[in-house]
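**Student:** query_8.txt is reproduced in full below (compact mmCIF, C-alpha atoms and all ligand atoms).
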# COMPACT_ATOMS: atom_id res chain seq x y z
CA MET A 1134 66.52 -25.76 -70.09
CA ARG A 1135 63.50 -27.01 -72.02
CA TYR A 1136 65.57 -29.94 -73.12
CA GLY A 1137 66.60 -30.56 -69.52
CA LEU A 1138 62.98 -30.62 -68.33
CA HIS A 1139 62.01 -32.90 -71.13
CA ARG A 1140 64.84 -35.25 -70.24
CA ALA A 1141 63.82 -35.15 -66.60
CA ALA A 1142 60.25 -35.96 -67.53
CA LEU A 1143 61.40 -38.83 -69.71
CA ALA A 1144 63.61 -40.14 -66.94
CA ALA A 1145 60.75 -39.94 -64.45
CA GLY A 1146 58.53 -41.75 -66.93
CA ALA A 1147 61.14 -44.47 -67.36
CA ALA A 1148 61.47 -44.83 -63.60
CA LEU A 1149 57.71 -45.17 -63.26
CA PHE A 1150 57.70 -47.73 -66.01
CA ALA A 1151 60.41 -49.65 -64.22
CA ILE A 1152 58.48 -49.96 -60.94
CA ALA A 1153 55.02 -50.39 -62.43
CA PRO A 1154 53.98 -54.04 -62.82
CA ALA A 1155 53.53 -55.55 -66.27
CA SER A 1156 49.86 -54.82 -65.77
CA ALA A 1157 47.87 -53.13 -63.07
CA ALA A 1158 44.26 -53.57 -62.16
CA ASP A 1159 41.61 -52.72 -59.64
CA LEU A 1160 40.55 -55.86 -57.85
CA GLU A 1161 37.51 -56.03 -55.65
CA VAL A 1162 38.11 -58.28 -52.65
CA THR A 1163 35.15 -59.38 -50.55
CA HIS A 1164 35.44 -60.44 -46.90
CA TRP A 1165 33.56 -60.12 -43.60
CA TRP A 1166 36.27 -58.38 -41.61
CA THR A 1167 34.61 -55.29 -40.21
CA SER A 1168 35.52 -55.14 -36.50
CA GLY A 1169 38.32 -52.83 -35.33
CA GLY A 1170 40.94 -55.57 -35.16
CA GLU A 1171 39.83 -57.17 -38.41
CA ALA A 1172 39.86 -53.86 -40.31
CA ALA A 1173 43.38 -53.17 -39.04
CA ALA A 1174 44.50 -56.58 -40.29
CA VAL A 1175 42.85 -56.36 -43.69
CA ALA A 1176 44.47 -52.96 -44.22
CA GLU A 1177 47.82 -54.80 -44.22
CA PHE A 1178 46.71 -56.88 -47.20
CA ALA A 1179 45.44 -53.79 -49.02
CA LYS A 1180 48.70 -51.94 -48.37
CA ALA A 1181 50.85 -54.82 -49.62
CA PHE A 1182 48.71 -55.32 -52.74
CA ASP A 1183 48.62 -51.60 -53.57
CA ALA A 1184 52.42 -51.57 -53.31
CA THR A 1185 52.51 -53.90 -56.34
CA GLY A 1186 50.91 -51.12 -58.41
CA ASN A 1187 47.52 -52.83 -58.40
CA HIS A 1188 44.63 -51.49 -56.39
CA TRP A 1189 42.68 -53.24 -53.62
CA VAL A 1190 39.00 -52.30 -53.84
CA ASP A 1191 37.62 -53.15 -50.46
CA GLY A 1192 34.43 -55.21 -50.51
CA ALA A 1193 33.80 -55.62 -46.77
CA ILE A 1194 30.39 -57.13 -46.00
CA ALA A 1195 29.17 -56.33 -42.50
CA GLY A 1196 27.34 -58.85 -40.34
CA SER A 1197 29.32 -62.07 -40.09
CA GLY A 1198 30.40 -64.95 -42.28
CA GLY A 1199 26.82 -66.23 -42.17
CA THR A 1200 25.56 -63.01 -43.75
CA ALA A 1201 28.45 -62.54 -46.13
CA ARG A 1202 28.81 -66.02 -47.61
CA PRO A 1203 25.41 -66.22 -49.35
CA ILE A 1204 26.04 -62.78 -50.88
CA MET A 1205 29.46 -63.84 -52.11
CA ILE A 1206 28.13 -67.09 -53.53
CA SER A 1207 25.18 -65.50 -55.29
CA ARG A 1208 27.43 -62.90 -56.90
CA ILE A 1209 29.68 -65.64 -58.26
CA THR A 1210 26.86 -67.89 -59.45
CA GLY A 1211 24.89 -64.89 -60.73
CA GLY A 1212 27.64 -63.72 -63.10
CA ASP A 1213 28.89 -60.75 -61.08
CA PRO A 1214 32.11 -62.16 -59.61
CA MET A 1215 34.53 -60.18 -57.49
CA GLY A 1216 38.29 -60.42 -58.01
CA ALA A 1217 38.88 -62.44 -54.86
CA THR A 1218 36.87 -63.55 -51.90
CA GLN A 1219 37.33 -64.88 -48.39
CA PHE A 1220 35.90 -68.19 -47.25
CA ASN A 1221 36.88 -70.34 -44.28
CA HIS A 1222 39.28 -73.21 -44.80
CA GLY A 1223 37.30 -76.20 -45.82
CA ARG A 1224 34.33 -77.06 -47.92
CA GLN A 1225 32.46 -73.76 -48.14
CA ALA A 1226 33.47 -73.16 -51.78
CA GLU A 1227 33.32 -76.79 -52.87
CA GLU A 1228 30.21 -76.41 -55.02
CA LEU A 1229 31.56 -73.27 -56.70
CA VAL A 1230 34.73 -75.13 -57.60
CA GLN A 1231 32.76 -78.13 -58.87
CA ALA A 1232 30.67 -75.79 -61.02
CA GLY A 1233 33.89 -74.58 -62.71
CA LEU A 1234 33.46 -71.01 -61.44
CA MET A 1235 36.72 -70.72 -59.52
CA ARG A 1236 40.24 -70.26 -60.74
CA ASP A 1237 42.73 -73.13 -60.66
CA LEU A 1238 45.90 -71.85 -58.97
CA THR A 1239 47.92 -75.05 -59.33
CA ASP A 1240 50.52 -73.63 -61.76
CA LEU A 1241 51.22 -70.63 -59.53
CA ALA A 1242 51.36 -72.84 -56.44
CA THR A 1243 53.83 -75.20 -58.13
CA LYS A 1244 55.98 -72.32 -59.40
CA GLU A 1245 56.16 -70.76 -55.94
CA GLY A 1246 56.50 -74.04 -54.05
CA TRP A 1247 53.48 -73.52 -51.77
CA LYS A 1248 53.60 -77.17 -50.72
CA ASP A 1249 57.08 -76.66 -49.29
CA PHE A 1250 56.27 -73.84 -46.92
CA ILE A 1251 52.57 -73.97 -46.07
CA LYS A 1252 52.26 -75.66 -42.67
CA PRO A 1253 50.36 -77.71 -41.62
CA SER A 1254 49.79 -79.34 -45.00
CA SER A 1255 46.10 -79.81 -44.17
CA LEU A 1256 45.65 -76.11 -45.01
CA LEU A 1257 46.58 -76.67 -48.62
CA ASP A 1258 44.68 -79.96 -48.69
CA SER A 1259 41.54 -77.97 -47.90
CA CYS A 1260 42.22 -75.86 -50.99
CA THR A 1261 42.66 -78.94 -53.16
CA LEU A 1262 39.98 -80.69 -55.16
CA ASP A 1263 40.81 -83.52 -57.56
CA GLY A 1264 44.49 -82.70 -57.23
CA LYS A 1265 44.12 -79.02 -58.15
CA ILE A 1266 44.65 -76.05 -55.85
CA TYR A 1267 41.87 -73.46 -55.71
CA CYS A 1268 42.69 -71.21 -52.78
CA VAL A 1269 45.31 -69.42 -50.75
CA PRO A 1270 45.20 -70.10 -47.02
CA VAL A 1271 46.15 -66.88 -45.22
CA ASN A 1272 46.02 -67.73 -41.53
CA ILE A 1273 45.40 -70.31 -38.87
CA HIS A 1274 42.56 -69.35 -36.60
CA SER A 1275 41.43 -71.43 -33.70
CA GLN A 1276 38.11 -71.17 -31.96
CA GLN A 1277 39.10 -72.93 -28.75
CA TRP A 1278 39.69 -69.97 -26.47
CA LEU A 1279 38.20 -68.51 -23.34
CA TRP A 1280 38.94 -64.79 -22.89
CA LEU A 1281 38.68 -63.50 -19.34
CA SER A 1282 38.64 -59.97 -17.94
CA ASN A 1283 41.14 -59.78 -15.08
CA ALA A 1284 39.41 -56.63 -13.80
CA ALA A 1285 36.02 -58.34 -13.62
CA PHE A 1286 37.34 -61.14 -11.42
CA ALA A 1287 39.24 -58.66 -9.24
CA LYS A 1288 35.99 -56.73 -8.75
CA ALA A 1289 34.13 -59.94 -7.86
CA GLY A 1290 36.89 -60.83 -5.39
CA VAL A 1291 37.70 -64.20 -6.94
CA PRO A 1292 40.89 -65.35 -8.63
CA VAL A 1293 40.98 -65.44 -12.40
CA PRO A 1294 39.88 -69.02 -13.28
CA LYS A 1295 42.37 -71.46 -14.71
CA ASN A 1296 39.82 -73.73 -16.36
CA TRP A 1297 36.18 -74.11 -17.32
CA ASP A 1298 35.04 -75.64 -13.99
CA GLU A 1299 36.59 -72.80 -11.97
CA TYR A 1300 34.91 -70.34 -14.30
CA VAL A 1301 31.48 -71.92 -13.80
CA ALA A 1302 32.11 -71.95 -10.04
CA ALA A 1303 32.95 -68.22 -10.12
CA ALA A 1304 29.73 -67.26 -11.91
CA PRO A 1305 27.67 -66.50 -8.74
CA ALA A 1306 30.40 -64.16 -7.42
CA LEU A 1307 30.49 -62.34 -10.75
CA GLU A 1308 26.72 -61.99 -10.77
CA LYS A 1309 26.74 -60.65 -7.22
CA ALA A 1310 29.18 -57.97 -8.35
CA GLY A 1311 26.82 -56.97 -11.17
CA ILE A 1312 28.94 -58.62 -13.85
CA ILE A 1313 27.52 -60.81 -16.61
CA PRO A 1314 29.48 -64.05 -16.26
CA LEU A 1315 29.57 -64.95 -19.95
CA ALA A 1316 29.21 -62.60 -22.91
CA ILE A 1317 27.95 -64.11 -26.13
CA GLY A 1318 26.57 -62.50 -29.28
CA GLN A 1319 23.10 -63.52 -30.41
CA GLN A 1320 24.11 -64.71 -33.89
CA SER A 1321 23.80 -68.47 -34.18
CA TRP A 1322 27.39 -69.07 -35.28
CA GLN A 1323 28.52 -67.84 -31.89
CA THR A 1324 26.49 -70.41 -29.96
CA THR A 1325 27.70 -73.00 -32.43
CA LEU A 1326 31.25 -71.99 -31.75
CA ALA A 1327 30.72 -72.30 -28.00
CA PHE A 1328 29.34 -75.82 -28.42
CA GLN A 1329 32.14 -76.93 -30.71
CA VAL A 1330 34.65 -75.58 -28.22
CA LEU A 1331 32.95 -77.46 -25.38
CA VAL A 1332 32.99 -80.69 -27.43
CA THR A 1333 36.74 -80.30 -28.00
CA ALA A 1334 37.61 -79.26 -24.46
CA LEU A 1335 35.51 -81.92 -22.73
CA THR A 1336 35.84 -84.91 -25.07
CA GLY A 1337 39.31 -84.24 -26.51
CA LYS A 1338 40.60 -84.80 -30.01
CA GLU A 1339 39.04 -88.26 -30.15
CA GLY A 1340 35.55 -87.12 -29.24
CA TYR A 1341 35.71 -84.27 -31.70
CA GLN A 1342 36.80 -86.61 -34.50
CA LYS A 1343 34.05 -89.09 -33.62
CA ILE A 1344 31.37 -86.42 -33.97
CA PHE A 1345 32.49 -84.26 -36.86
CA GLY A 1346 34.76 -86.72 -38.70
CA ASP A 1347 33.22 -90.17 -38.20
CA LYS A 1348 29.63 -88.96 -37.66
CA ASP A 1349 29.43 -91.61 -34.92
CA ALA A 1350 25.82 -91.62 -33.66
CA GLU A 1351 26.57 -94.09 -30.87
CA PHE A 1352 29.18 -91.78 -29.40
CA ALA A 1353 26.79 -88.85 -29.82
CA ALA A 1354 24.30 -90.71 -27.63
CA GLY A 1355 26.86 -91.45 -24.89
CA PRO A 1356 27.75 -89.94 -21.52
CA GLU A 1357 30.56 -87.70 -22.80
CA ILE A 1358 28.16 -85.79 -25.00
CA THR A 1359 25.63 -85.61 -22.15
CA LYS A 1360 28.35 -83.79 -20.23
CA VAL A 1361 28.86 -81.40 -23.14
CA PHE A 1362 25.16 -80.50 -23.19
CA ALA A 1363 25.15 -80.16 -19.40
CA GLN A 1364 28.02 -77.66 -19.56
CA ALA A 1365 26.32 -75.89 -22.45
CA ASP A 1366 23.35 -75.59 -20.11
CA ASN A 1367 25.64 -73.87 -17.59
CA ALA A 1368 26.91 -71.60 -20.34
CA ARG A 1369 23.41 -70.55 -21.40
CA LYS A 1370 22.57 -69.70 -17.77
CA MET A 1371 25.78 -67.69 -17.39
CA ALA A 1372 24.97 -65.81 -20.60
CA ALA A 1373 21.29 -65.22 -19.86
CA LYS A 1374 21.76 -61.46 -19.49
CA SER A 1375 24.16 -60.99 -22.40
CA THR A 1376 22.55 -58.69 -24.95
CA ALA A 1377 25.38 -58.33 -27.46
CA GLN A 1378 24.66 -59.10 -31.11
CA GLU A 1379 28.03 -59.13 -32.82
CA TRP A 1380 30.99 -61.12 -31.47
CA ASN A 1381 33.08 -57.97 -31.09
CA GLN A 1382 30.36 -56.34 -28.97
CA ALA A 1383 30.67 -59.31 -26.65
CA THR A 1384 34.47 -58.90 -26.66
CA ALA A 1385 33.99 -55.22 -25.83
CA MET A 1386 32.03 -56.28 -22.74
CA VAL A 1387 35.02 -58.34 -21.60
CA ILE A 1388 37.41 -55.50 -22.42
CA SER A 1389 35.37 -53.10 -20.26
CA GLY A 1390 34.94 -55.64 -17.45
CA GLN A 1391 31.17 -55.61 -17.85
CA ALA A 1392 31.39 -59.34 -18.54
CA GLY A 1393 33.66 -61.94 -16.99
CA GLY A 1394 34.52 -63.81 -20.15
CA GLN A 1395 33.75 -64.90 -23.68
CA ILE A 1396 34.30 -68.12 -25.59
CA MET A 1397 35.58 -66.92 -28.93
CA GLY A 1398 38.17 -67.54 -31.60
CA ASP A 1399 41.61 -66.00 -31.39
CA TRP A 1400 40.50 -63.16 -33.68
CA ALA A 1401 39.25 -61.60 -30.41
CA GLN A 1402 42.89 -60.70 -29.81
CA GLY A 1403 42.66 -58.07 -32.52
CA GLU A 1404 40.06 -56.25 -30.38
CA PHE A 1405 42.10 -56.41 -27.16
CA GLN A 1406 45.04 -55.07 -29.15
CA VAL A 1407 43.11 -52.15 -30.65
CA ALA A 1408 41.90 -51.33 -27.10
CA GLY A 1409 45.51 -51.27 -25.89
CA GLN A 1410 45.06 -54.21 -23.50
CA VAL A 1411 47.91 -56.54 -22.66
CA ALA A 1412 47.65 -60.33 -22.51
CA GLY A 1413 48.39 -61.62 -19.01
CA LYS A 1414 47.95 -58.20 -17.43
CA ASP A 1415 44.51 -56.98 -18.49
CA TYR A 1416 43.09 -60.21 -19.80
CA THR A 1417 43.72 -63.93 -19.63
CA CYS A 1418 43.36 -66.46 -22.40
CA LEU A 1419 42.71 -70.15 -21.83
CA PRO A 1420 43.15 -72.32 -24.92
CA GLY A 1421 40.92 -75.40 -24.83
CA LEU A 1422 39.02 -73.73 -21.96
CA GLY A 1423 42.00 -74.59 -19.76
CA VAL A 1424 40.96 -78.25 -19.91
CA ASN A 1425 42.51 -79.65 -23.08
CA ASP A 1426 45.23 -77.68 -24.86
CA ILE A 1427 43.99 -78.22 -28.38
CA ILE A 1428 43.54 -75.75 -31.18
CA GLN A 1429 41.82 -76.02 -34.46
CA THR A 1430 43.68 -75.29 -37.64
CA GLY A 1431 40.77 -73.56 -39.29
CA GLY A 1432 40.98 -70.07 -40.59
CA ASP A 1433 40.58 -68.08 -43.73
CA ALA A 1434 41.43 -68.65 -47.35
CA PHE A 1435 41.03 -66.54 -50.46
CA TYR A 1436 39.47 -67.87 -53.63
CA PHE A 1437 39.66 -66.29 -57.04
CA PRO A 1438 36.62 -66.51 -59.31
CA LEU A 1439 37.32 -67.14 -63.00
CA LEU A 1440 37.31 -63.76 -64.74
CA LYS A 1441 37.29 -62.93 -68.44
CA ASP A 1442 39.39 -59.77 -67.96
CA GLU A 1443 43.06 -60.58 -68.62
CA GLU A 1444 44.52 -57.72 -66.54
CA LYS A 1445 42.40 -58.63 -63.53
CA SER A 1446 43.32 -62.28 -63.94
CA LYS A 1447 46.99 -61.34 -63.77
CA ALA A 1448 46.34 -59.18 -60.73
CA GLN A 1449 44.67 -62.17 -59.04
CA GLU A 1450 47.97 -64.04 -59.20
CA VAL A 1451 49.84 -61.06 -57.80
CA LEU A 1452 47.37 -60.89 -54.91
CA ALA A 1453 47.69 -64.61 -54.23
CA SER A 1454 51.51 -64.35 -54.05
CA THR A 1455 51.37 -61.16 -51.97
CA MET A 1456 49.10 -62.74 -49.36
CA LEU A 1457 51.59 -65.55 -48.88
CA SER A 1458 54.75 -63.45 -48.86
CA LYS A 1459 56.72 -63.52 -45.61
CA PRO A 1460 56.34 -59.82 -44.66
CA THR A 1461 52.61 -59.81 -45.42
CA GLN A 1462 52.07 -63.00 -43.44
CA VAL A 1463 53.73 -61.44 -40.39
CA ALA A 1464 52.08 -58.01 -40.64
CA PHE A 1465 48.60 -59.38 -41.29
CA ASN A 1466 48.61 -62.14 -38.67
CA LEU A 1467 50.01 -60.00 -35.86
CA LYS A 1468 47.06 -57.65 -36.26
CA LYS A 1469 44.53 -60.42 -36.84
CA GLY A 1470 45.48 -62.51 -33.81
CA SER A 1471 45.90 -65.55 -36.02
CA LEU A 1472 48.98 -67.65 -36.73
CA PRO A 1473 50.81 -67.50 -40.06
CA VAL A 1474 50.44 -70.34 -42.56
CA ARG A 1475 54.20 -70.40 -43.11
CA GLY A 1476 56.46 -72.17 -40.66
CA ASP A 1477 59.43 -70.10 -41.87
CA VAL A 1478 58.53 -66.62 -40.57
CA ASP A 1479 59.71 -64.90 -37.45
CA LEU A 1480 56.95 -64.07 -34.97
CA ASN A 1481 59.09 -62.38 -32.32
CA ALA A 1482 56.43 -59.77 -31.75
CA ALA A 1483 53.75 -62.34 -30.87
CA ASN A 1484 51.93 -61.70 -27.57
CA ASP A 1485 51.56 -64.29 -24.78
CA CYS A 1486 48.36 -65.75 -26.14
CA MET A 1487 49.72 -66.13 -29.67
CA LYS A 1488 52.78 -67.79 -28.17
CA LYS A 1489 50.54 -70.30 -26.39
CA GLY A 1490 48.88 -70.99 -29.75
CA LEU A 1491 52.24 -71.43 -31.47
CA GLU A 1492 53.36 -73.90 -28.78
CA ILE A 1493 50.21 -75.98 -29.14
CA LEU A 1494 50.67 -75.94 -32.91
CA ALA A 1495 54.31 -77.03 -32.58
CA LYS A 1496 53.23 -79.96 -30.39
CA GLY A 1497 50.80 -81.00 -33.10
CA ASN A 1498 47.85 -80.78 -30.72
CA VAL A 1499 45.58 -79.74 -33.55
CA ILE A 1500 42.25 -80.64 -35.04
CA PRO A 1501 40.76 -79.66 -38.40
CA ALA A 1502 37.82 -77.25 -38.51
CA PRO A 1503 34.31 -78.75 -38.69
CA ASP A 1504 34.04 -77.14 -42.15
CA GLN A 1505 36.92 -79.36 -43.23
CA LEU A 1506 35.14 -82.51 -42.04
CA MET A 1507 31.41 -82.16 -42.50
CA SER A 1508 29.30 -80.93 -45.42
CA ALA A 1509 27.87 -77.43 -45.14
CA ASP A 1510 24.28 -78.77 -45.08
CA SER A 1511 24.86 -81.20 -42.23
CA LEU A 1512 26.71 -78.58 -40.23
CA THR A 1513 23.90 -76.08 -40.68
CA ARG A 1514 21.37 -78.54 -39.27
CA ILE A 1515 23.53 -79.28 -36.24
CA ASN A 1516 24.29 -75.59 -35.74
CA ASP A 1517 20.57 -74.75 -35.83
CA LEU A 1518 19.99 -77.22 -33.00
CA PHE A 1519 22.77 -75.64 -30.93
CA ALA A 1520 21.28 -72.18 -31.43
CA GLU A 1521 17.82 -73.43 -30.49
CA PHE A 1522 19.12 -75.12 -27.34
CA PHE A 1523 20.99 -72.02 -26.28
CA ASN A 1524 18.02 -69.74 -26.78
CA THR A 1525 15.36 -72.06 -25.38
CA PRO A 1526 15.89 -72.46 -21.64
CA THR A 1527 13.05 -75.01 -21.52
CA MET A 1528 14.79 -77.40 -23.90
CA THR A 1529 16.31 -80.08 -21.72
CA VAL A 1530 19.74 -81.62 -22.06
CA GLU A 1531 18.07 -85.00 -22.80
CA ASP A 1532 15.86 -83.63 -25.60
CA ALA A 1533 18.72 -81.78 -27.19
CA GLN A 1534 21.01 -84.80 -27.10
CA LYS A 1535 18.33 -87.02 -28.65
CA ARG A 1536 17.94 -84.64 -31.58
CA PHE A 1537 21.70 -84.30 -31.85
CA VAL A 1538 22.09 -88.07 -32.25
CA ASP A 1539 19.65 -88.13 -35.19
CA LEU A 1540 21.45 -85.26 -36.91
CA VAL A 1541 24.85 -86.89 -36.46
CA ALA A 1542 23.50 -90.19 -37.82
CA ALA A 1543 22.22 -88.43 -40.95
CA ALA A 1544 25.30 -86.23 -41.48
CA ASP A 1545 27.73 -86.55 -44.39
C1 LIG B 1 35.63 -66.24 -38.90
C2 LIG B 1 36.92 -65.87 -39.56
C3 LIG B 1 37.77 -65.01 -38.71
C4 LIG B 1 37.01 -63.96 -37.93
C5 LIG B 1 35.61 -64.35 -37.54
C6 LIG B 1 34.71 -63.22 -37.06
O1 LIG B 1 34.84 -66.96 -39.76
O2 LIG B 1 37.65 -67.03 -39.84
O3 LIG B 1 38.78 -64.47 -39.51
O4 LIG B 1 37.17 -62.76 -38.46
O5 LIG B 1 34.94 -65.06 -38.51
O6 LIG B 1 34.44 -62.30 -38.05
Output the file's structure in the form of structure tokens.
**Tutor:**
Amino acid sequence: MRYGLHRAALAAGAALFAIAPASAADLEVTHWWTSGGEAAAVAEFAKAFDATGNHWVDGAIAGSGGTARPIMISRITGGDPMGATQFNHGRQAEELVQAGLMRDLTDLATKEGWKDFIKPSSLLDSCTLDGKIYCVPVNIHSQQWLWLSNAAFAKAGVPVPKNWDEYVAAAPALEKAGIIPLAIGQQSWQTTLAFQVLVTALTGKEGYQKIFGDKDAEFAAGPEITKVFAQADNARKMAAKSTAQEWNQATAMVISGQAGGQIMGDWAQGEFQVAGQVAGKDYTCLPGLGVNDIIQTGGDAFYFPLLKDEEKSKAQEVLASTMLSKPTQVAFNLKKGSLPVRGDVDLNAANDCMKKGLEILAKGNVIPAPDQLMSADSLTRINDLFAEFFNTPTMTVEDAQKRFVDLVAAAD
């Protein structure tokens, strides 16, 4: 009997040994995903990583990317690095990489053939500096969406708009019905987002490239950009009574029908999903504001600071592979409202809005994110102007455009 127990214990030990990874570690992962939809999505990463025998230590930083990024950066530069951290696709971590603080993932990427399955290839290009790969893209997020409450328009007695102009035209009816036409959070990145979306919708791929890619001051001074500022002026009037702070508070106003709509990235879908709302029935999504079907292939990537601890370093590689695995890509992106970075996964369960995004992606109607085109400093200056314009009703379209031209001329 005693022998039997002992044998059983040994067998159990052997079984444990067989499933445990060669090493296991606690890895702190920082990110700014704290809304309902975001938390549900990030839990999929944690679950998949924990299943490898390692342990995801959640380092959520509340606020927004703008609050979280300086904290992340100062921890890395200050000698207190986390195991992995979120940044947006693009140049946000460029200086950390140049300072030699981030881990080179090239060997792992080559071994696993990331180049063969990560689509579009621009995602991996954004992770690459001097030929070496420093991050794992985990999703494709696009900002270019207008989310509309079907109930709000029904209450106002007007049809749900099919494009930006119809939406602006419906604003008085919404107001009359006691509905705030446009919900927008007060944080500056949200006004920035609205402007960037207007630039894309109203001036197309070419106009967007001229501003953020070519830094073309002449184009910035022209009539197409005047139109963008004029529509931004409409947007600020439509949002005059919006008191939300966080983006998901603004989404909640659309979900409840208190507001007619919100210009926001496709991560808003996570919130509609958590609230049990159905695309097409309860809410409507218009990519490119219903004017130009274009989406941006921005999104999120994870970077891995160089660590001295060998076990944690091994766990970093496991996390990188896990984030890119087919089942994790599907589970995470369905909850997040983003599109997977792999072209070889089955997204049968995608809702109508995600399907629209997938179609636009398949047509190649895509643009890179501003972060992929312009330095962080130049973008900050331009974004500050957008925020000021939005919050200063006395700033005219002409004044704003004049300042915009100077900033574009000086941008790198
Ligand atoms: C973005 C990020 C998204 C989304 C959003 C709001 O920067 O790419 O994943 O979560 O912030 O938090």
**Student:** Show me which residues are within 7 Å of ligand LIG 1 (chain B) counting all atoms listed in the file, and format the list as a list in words.
**Tutor:**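 Written in the requested form, the residues are Trp1165, Trp1166, Glu1171, Ser1197, Gly1198, Asn1221, His1274, Trp1400, Gly1432 and Asp1433 of chain A.
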**Student:** For A:Val1478, which residue among A:Ser1458, A:Leu1452, A:Glu1492, A:Ser1254 is the nearest when counting only C-alpha atoms?
**Tutor:**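 Closest to A:Val1478, using only C-alpha atoms: A:Ser1458.
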**Student:** Please indicate the distance in Å from atom CA of A:Val1332 to atom CA of A:Ala1533, rounded to one decimal place.
**Tutor:**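 Computing the Euclidean distance for atom CA of A:Val1332 and atom CA of A:Ala1533 yields 14.3 Å.
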**Student:** Hey, what's within 9 Å of A:Leu1160 if we count only C-alpha atoms and toss same-chain stuff fewer than 3 positions away? As an MDAnalysis selection string, please?
**Tutor:** chainID A and resid 1187:1191 1215:1217 1445 1448:1449 1452
**Student:** Could the residues in this selection be written to a file with C-alpha atoms, as a compact mmCIF listing (two decimals), in the coordinates of the input?
**Tutor:**
# COMPACT_ATOMS: atom_id res chain seq x y z
CA ASN A 1187 47.52 -52.83 -58.40
CA HIS A 1188 44.63 -51.49 -56.39
CA TRP A 1189 42.68 -53.24 -53.62
CA VAL A 1190 39.00 -52.30 -53.84
CA ASP A 1191 37.62 -53.15 -50.46
CA MET A 1215 34.53 -60.18 -57.49
CA GLY A 1216 38.29 -60.42 -58.01
CA ALA A 1217 38.88 -62.44 -54.86
CA LYS A 1445 42.40 -58.63 -63.53
CA ALA A 1448 46.34 -59.18 -60.73
CA GLN A 1449 44.67 -62.17 -59.04
CA LEU A 1452 47.37 -60.89 -54.91
**Student:** From the set A:Ala1495, A:Asp1349, A:Lys1489, A:Ala1184, which residue has the shortest atom-to-atom contact distance to A:Gly1476, counting only C-alpha atoms?
**Tutor:**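 Looking only at the distances to A:Gly1476, the closest residue turns out to be A:Ala1495.
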**Student:** Taking into account all atoms listed in the file, which residue in the set A:Ala1181, A:Ala1383, A:Val1269, A:Ala1158 is nearest to A:Pro1460?
**Tutor:**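 With all atoms listed in the file as the atom set, the closest residue is A:Ala1181.
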**Student:** For atom CA of A:Tyr1436 and atom CA of A:Ala1195, quote the distance in Å rounded to one decimal.
**Tutor:**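 Pair atom CA of A:Tyr1436 / atom CA of A:Ala1195 returns 19.1 Å.
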**Student:** Out of A:Met1397, A:Ala1353, A:Ala1179, A:Ala1434, which residue has the shortest atom-to-atom distance to A:Ile1515 when counting only C-alpha atoms?
**Tutor:**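 Of A:Met1397, A:Ala1353, A:Ala1179, A:Ala1434, the one nearest A:Ile1515 is A:Ala1353, counting only C-alpha atoms.
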**Student:** Can you tell me, as a list of chain:residue names, which residues sit within 10 Å of (28.4, -76.3, -21.2) in the file's frame, using only C-alpha atoms?
**Tutor:** A:Trp1297, A:Asp1298, A:Val1301, A:Ala1327, A:Phe1328, A:Val1330, A:Leu1331, A:Val1332, A:Leu1335, A:Thr1359, A:Lys1360, A:Val1361, A:Phe1362, A:Ala1363, A:Gln1364, A:Ala1365, A:Asp1366, A:Asn1367, A:Ala1368, A:Arg1369, A:Lys1370, A:Met1371, A:Phe1523
**Student:** If you count only C-alpha atoms, which residues fall within 12 Å of A:Gly1246, apart from same-chain ones fewer than 4 positions away, as number ranges by chain?
**Tutor:** A: 1238-1242, 1250-1251, 1257, 1454, 1457-1458, 1475
